[in-house]
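Student: One structure coming up, written as structure tokens, with questions to follow.
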Protein chains: 2
Amino acid sequence: MITLFGNLLSGNVHKVQMILRRRGIPFRRVDISQMRGEPRRPEFLKVNPIGKVPAVLLADGDILSESGAMLFYFAPGTGLWPEDLRSQAEVLRWMFFEQYSHEPTLAVLRYLKRYAEDPQLYADQIRVLEPKGLHALRVMETRLASTDWIAGGKHCTIADYALYPYTRTAKESGFDLGDFPALDPWLKRVEAQPGFIPVLVDGAEETLSFADYFCANV
Amino acid sequence: MITLFGNLLSGNVHKVQMILRRRGIPFRRVDISQMRGEPRRPEFLKVNPIGKVPAVLLADGDILSESGAMLFYFAPGTGLWPEDLRSQAEVLRWMFFEQYSHEPTLAVLRYLKRYAEDPQLYADQIRVLEPKGLHALRVMETRLASTDWIAGGKHCTIADYALYPYTRTAKESGFDLGDFPALDPWLKRVEAQPGFIPVLVDGAEETLSFADYFCANV
């Protein structure tokens, strides 16, 4: 069975749950927590030298990481990856936008405002990130005001999956989705996709702790 | 003719020059400067609502942005995009690593240390970014110590093109490539690729200023 490394608070990990559930691929999950610093522990760096979650251990013993690469790898058969080159490039365009402009603002704001022990300590960082997060949501709003799916075609793609989690949790990042009228209907369209799994829900057949997994596998 | 929007100081823009030169596709360039704030000017936002360079105006009047999406779009015929799904996912893995972990540290450090008017103003930001930049280079070093190309196959891919510019300029970001013995031979392998163009060199047939282009096209 495939093993997914990562915790449920991570929207990047959630993307992998979304595509595995869409495909109907069963997986077990090893709970690797950023808050406990586990992605940079030596045991995990042997799994993913990049030192980040999510990562997947494929059934053949090979490791793949980066949520965008995993969405791509598991897309065949789902219809979430278009067939022509120009449409494929457009999907990647929005996936790179997500990893460069959307996730680093919305995910970090969510962490600092919702999960950090003392958000006041991060007031300067929050002040820098807020206009960037606002810009990212405005870019999505402008786009989705004229098209059902972010990559512009007639069908949901892995770019919609990539942008879903941290848009769904934008309120925790300090944004009011009421200010972006095109986003809520789009979120609901993604949620109506086959095999959809909501954020924070564990889709794994079995879940192990860091200690359980690495003690048993050393 | 294709129009490339962006300035020569940007490694992301350089990636697009690299792939267009590799393909032998002639292009003109409109010089859009981040330092002058031009990517967020209304004229440019009509071209790329994401508000970033590079962007390309294709011959059919369509716009594509995000350097990674452009590397993918122009890869056919170059051999820089492998044929099997697992290898393709591995290429994307390293391209997402570049946009999430490599470029936001190395490119920003380079800007703050080399081009900002008073780097002292950014001492705190530099202190946060330096260990992250070091980590990104160490990840590359570990990988390239055991394989000629970053995605691990027998051939150069667009992932090598994506990682080239800001690794080549790592000294300007404050890192000594002498500390990473696998990186210099890898940089030279990329530089030996057909149609290679060095950083800061203008590969365009014709170059227009922001004013020239947008006054003529309004």
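Scheme for the structure tokens: letters A, B, ... for chains in order shown; per-chain residue numbers from 1; ligand numbers from 1 in order shown.
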Using only C-alpha atoms and a cut-off of 9 Å, which residues of chain A sit close to chain B? Please list them as a PDB file with N, CA and C atoms, in the first residue's frame.
Tutor:
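What ended up in selection.pdb:
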ATOM      1  N   PRO A  49      14.796  14.073   1.202  1.00  0.00           N
ATOM      2  CA  PRO A  49      15.918  14.975   1.517  1.00  0.00           C
ATOM      3  C   PRO A  49      15.538  16.457   1.422  1.00  0.00           C
ATOM      4  N   ILE A  50      14.445  16.782   0.731  1.00  0.00           N
ATOM      5  CA  ILE A  50      14.002  18.183   0.653  1.00  0.00           C
ATOM      6  C   ILE A  50      13.489  18.637   2.029  1.00  0.00           C
ATOM      7  N   GLY A  51      13.120  17.674   2.893  1.00  0.00           N
ATOM      8  CA  GLY A  51      12.748  18.026   4.266  1.00  0.00           C
ATOM      9  C   GLY A  51      11.378  18.653   4.395  1.00  0.00           C
ATOM     10  N   LEU A  64       8.228  10.018  -3.817  1.00  0.00           N
ATOM     11  CA  LEU A  64       7.898  11.224  -4.592  1.00  0.00           C
ATOM     12  C   LEU A  64       7.471  12.288  -3.601  1.00  0.00           C
ATOM     13  N   SER A  65       7.893  13.533  -3.837  1.00  0.00           N
ATOM     14  CA  SER A  65       7.460  14.638  -2.972  1.00  0.00           C
ATOM     15  C   SER A  65       7.052  15.817  -3.831  1.00  0.00           C
ATOM     16  N   GLU A  66       6.586  16.863  -3.185  1.00  0.00           N
ATOM     17  CA  GLU A  66       6.001  18.068  -3.775  1.00  0.00           C
ATOM     18  C   GLU A  66       4.556  17.770  -4.197  1.00  0.00           C
ATOM     19  N   SER A  67       3.640  18.440  -3.531  1.00  0.00           N
ATOM     20  CA  SER A  67       2.220  18.149  -3.754  1.00  0.00           C
ATOM     21  C   SER A  67       1.825  18.281  -5.223  1.00  0.00           C
ATOM     22  N   GLY A  68       2.374  19.274  -5.912  1.00  0.00           N
ATOM     23  CA  GLY A  68       2.026  19.471  -7.327  1.00  0.00           C
ATOM     24  C   GLY A  68       2.460  18.290  -8.179  1.00  0.00           C
ATOM     25  N   ALA A  69       3.654  17.751  -7.884  1.00  0.00           N
ATOM     26  CA  ALA A  69       4.147  16.593  -8.643  1.00  0.00           C
ATOM     27  C   ALA A  69       3.271  15.373  -8.369  1.00  0.00           C
ATOM     28  N   MET A  70       2.774  15.251  -7.139  1.00  0.00           N
ATOM     29  CA  MET A  70       1.916  14.108  -6.798  1.00  0.00           C
ATOM     30  C   MET A  70       0.545  14.241  -7.443  1.00  0.00           C
ATOM     31  N   LEU A  71      -0.013  15.452  -7.469  1.00  0.00           N
ATOM     32  CA  LEU A  71      -1.288  15.656  -8.172  1.00  0.00           C
ATOM     33  C   LEU A  71      -1.147  15.212  -9.631  1.00  0.00           C
ATOM     34  N   PHE A  72      -0.042  15.611 -10.266  1.00  0.00           N
ATOM     35  CA  PHE A  72       0.214  15.230 -11.657  1.00  0.00           C
ATOM     36  C   PHE A  72       0.343  13.713 -11.793  1.00  0.00           C
ATOM     37  N   TYR A  73       1.112  13.103 -10.902  1.00  0.00           N
ATOM     38  CA  TYR A  73       1.419  11.664 -11.013  1.00  0.00           C
ATOM     39  C   TYR A  73       0.163  10.813 -10.880  1.00  0.00           C
ATOM     40  N   LEU A  85      -1.537  20.335 -25.166  1.00  0.00           N
ATOM     41  CA  LEU A  85      -0.373  20.988 -24.565  1.00  0.00           C
ATOM     42  C   LEU A  85      -0.698  22.357 -23.978  1.00  0.00           C
ATOM     43  N   ARG A  86      -1.456  23.168 -24.709  1.00  0.00           N
ATOM     44  CA  ARG A  86      -1.740  24.512 -24.224  1.00  0.00           C
ATOM     45  C   ARG A  86      -2.553  24.481 -22.932  1.00  0.00           C
ATOM     46  N   GLN A  88      -2.636  21.956 -20.804  1.00  0.00           N
ATOM     47  CA  GLN A  88      -1.752  21.414 -19.761  1.00  0.00           C
ATOM     48  C   GLN A  88      -0.872  22.528 -19.187  1.00  0.00           C
ATOM     49  N   ALA A  89      -0.329  23.370 -20.065  1.00  0.00           N
ATOM     50  CA  ALA A  89       0.528  24.475 -19.600  1.00  0.00           C
ATOM     51  C   ALA A  89      -0.275  25.442 -18.735  1.00  0.00           C
ATOM     52  N   GLU A  90      -1.546  25.636 -19.090  1.00  0.00           N
ATOM     53  CA  GLU A  90      -2.390  26.538 -18.298  1.00  0.00           C
ATOM     54  C   GLU A  90      -2.649  25.955 -16.906  1.00  0.00           C
ATOM     55  N   VAL A  91      -2.835  24.655 -16.824  1.00  0.00           N
ATOM     56  CA  VAL A  91      -2.988  23.995 -15.515  1.00  0.00           C
ATOM     57  C   VAL A  91      -1.724  24.219 -14.679  1.00  0.00           C
ATOM     58  N   LEU A  92      -0.570  23.989 -15.285  1.00  0.00           N
ATOM     59  CA  LEU A  92       0.689  24.179 -14.551  1.00  0.00           C
ATOM     60  C   LEU A  92       0.871  25.647 -14.151  1.00  0.00           C
ATOM     61  N   ARG A  93       0.444  26.567 -15.023  1.00  0.00           N
ATOM     62  CA  ARG A  93       0.534  27.989 -14.681  1.00  0.00           C
ATOM     63  C   ARG A  93      -0.120  28.273 -13.339  1.00  0.00           C
ATOM     64  N   TRP A  94      -1.333  27.752 -13.149  1.00  0.00           N
ATOM     65  CA  TRP A  94      -2.059  28.027 -11.900  1.00  0.00           C
ATOM     66  C   TRP A  94      -1.523  27.220 -10.730  1.00  0.00           C
ATOM     67  N   MET A  95      -0.914  26.081 -11.017  1.00  0.00           N
ATOM     68  CA  MET A  95      -0.281  25.309  -9.943  1.00  0.00           C
ATOM     69  C   MET A  95       0.992  26.005  -9.455  1.00  0.00           C
ATOM     70  N   PHE A  96       1.749  26.611 -10.380  1.00  0.00           N
ATOM     71  CA  PHE A  96       2.934  27.362  -9.950  1.00  0.00           C
ATOM     72  C   PHE A  96       2.514  28.656  -9.242  1.00  0.00           C
ATOM     73  N   PHE A  97       1.457  29.300  -9.731  1.00  0.00           N
ATOM     74  CA  PHE A  97       0.907  30.463  -9.016  1.00  0.00           C
ATOM     75  C   PHE A  97       0.566  30.078  -7.580  1.00  0.00           C
ATOM     76  N   GLN A  99       1.815  27.634  -5.681  1.00  0.00           N
ATOM     77  CA  GLN A  99       2.978  27.351  -4.824  1.00  0.00           C
ATOM     78  C   GLN A  99       3.844  28.583  -4.594  1.00  0.00           C
ATOM     79  N   TYR A 100       3.786  29.551  -5.506  1.00  0.00           N
ATOM     80  CA  TYR A 100       4.657  30.728  -5.358  1.00  0.00           C
ATOM     81  C   TYR A 100       3.944  31.908  -4.700  1.00  0.00           C
ATOM     82  N   SER A 101       2.674  32.119  -5.032  1.00  0.00           N
ATOM     83  CA  SER A 101       1.997  33.359  -4.617  1.00  0.00           C
ATOM     84  C   SER A 101       0.837  33.135  -3.647  1.00  0.00           C
ATOM     85  N   PRO A 104       2.326  30.356  -0.008  1.00  0.00           N
ATOM     86  CA  PRO A 104       3.269  30.993   0.935  1.00  0.00           C
ATOM     87  C   PRO A 104       2.682  32.198   1.676  1.00  0.00           C
ATOM     88  N   HIS A 135      -3.869  39.919  -2.627  1.00  0.00           N
ATOM     89  CA  HIS A 135      -3.622  39.920  -4.071  1.00  0.00           C
ATOM     90  C   HIS A 135      -3.907  38.539  -4.674  1.00  0.00           C
ATOM     91  N   ALA A 136      -3.435  37.482  -3.996  1.00  0.00           N
ATOM     92  CA  ALA A 136      -3.640  36.121  -4.519  1.00  0.00           C
ATOM     93  C   ALA A 136      -5.138  35.807  -4.638  1.00  0.00           C
ATOM     94  N   VAL A 139      -6.661  37.766  -7.533  1.00  0.00           N
ATOM     95  CA  VAL A 139      -6.329  37.147  -8.822  1.00  0.00           C
ATOM     96  C   VAL A 139      -7.300  35.992  -9.097  1.00  0.00           C
ATOM     97  N   MET A 140      -7.542  35.157  -8.086  1.00  0.00           N
ATOM     98  CA  MET A 140      -8.488  34.046  -8.261  1.00  0.00           C
ATOM     99  C   MET A 140      -9.902  34.552  -8.532  1.00  0.00           C
ATOM    100  N   THR A 142     -10.875  37.404  -9.884  1.00  0.00           N
ATOM    101  CA  THR A 142     -10.965  37.939 -11.250  1.00  0.00           C
ATOM    102  C   THR A 142     -11.101  36.797 -12.250  1.00  0.00           C
ATOM    103  N   ARG A 143     -10.285  35.773 -12.053  1.00  0.00           N
ATOM    104  CA  ARG A 143     -10.295  34.636 -12.965  1.00  0.00           C
ATOM    105  C   ARG A 143     -11.628  33.884 -12.910  1.00  0.00           C
TER     106      ARG A 143
END
Student: List every residue of segment 38-127 of chain B that DSSP, applied to the backbone of this structure, places in helix (DSSP H, G or I), and write the result as a ChimeraX atom specification.
Tutor: /B:38-40,42-47,67-73,85-115,119-127
Student: Write out as a list of chain:residue names all residues of segment 16-216 of chain A that backbone DSSP assigns to strand (DSSP E).
Tutor: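 Selecting the strand (DSSP E) positions of segment 16-216 of chain A gives A:Phe27, A:Arg28, A:Arg29, A:Val30, A:Asp31, A:Ala55, A:Val56, A:Leu57, A:Ile63, A:Leu64, A:Ser65, A:Glu206, A:Thr207, A:Leu208, A:Ser209.
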Student: Output the selection as a short mmCIF file (atom, residue, chain, number, x, y, z; two decimals), in the first residue's frame - C-alpha atoms for each residue.
Tutor:
data_model
loop_
_atom_site.label_atom_id
_atom_site.label_comp_id
_atom_site.auth_asym_id
_atom_site.auth_seq_id
_atom_site.Cartn_x
_atom_site.Cartn_y
_atom_site.Cartn_z
CA PHE A 27 -3.15 4.57 1.59
CA ARG A 28 -1.77 4.64 5.07
CA ARG A 29 -0.56 7.87 6.60
CA VAL A 30 2.42 8.62 8.83
CA ASP A 31 1.69 11.73 10.88
CA ALA A 55 5.89 12.84 0.52
CA VAL A 56 4.63 9.47 -0.71
CA LEU A 57 6.35 6.13 -0.58
CA ILE A 63 9.71 8.27 -3.00
CA LEU A 64 7.90 11.22 -4.59
CA SER A 65 7.46 14.64 -2.97
CA GLU A 206 -4.44 3.37 8.87
CA THR A 207 -2.53 6.18 10.61
CA LEU A 208 0.82 5.82 12.37
CA SER A 209 2.74 8.26 14.54
#
Student: Could you list, as an NGL selection string, every residue within 7 Å of Trp81 of chain A, counting only C-alpha atoms and ignoring same-chain residues fewer than 5 positions away?
Tutor: :A and (75 or 88 or 157-158)
Student: Measuring atom to atom with only C-alpha atoms, identify which of A:Leu109, A:Leu8, A:Leu80, A:Leu121 is nearest to Ala151 of chain A.
Tutor: A:Leu80
Student: In Å to one decimal, how far is atom CA of Gly152 of chain A from atom CA of Arg22 of chain A?
Tutor: 21.0 Å
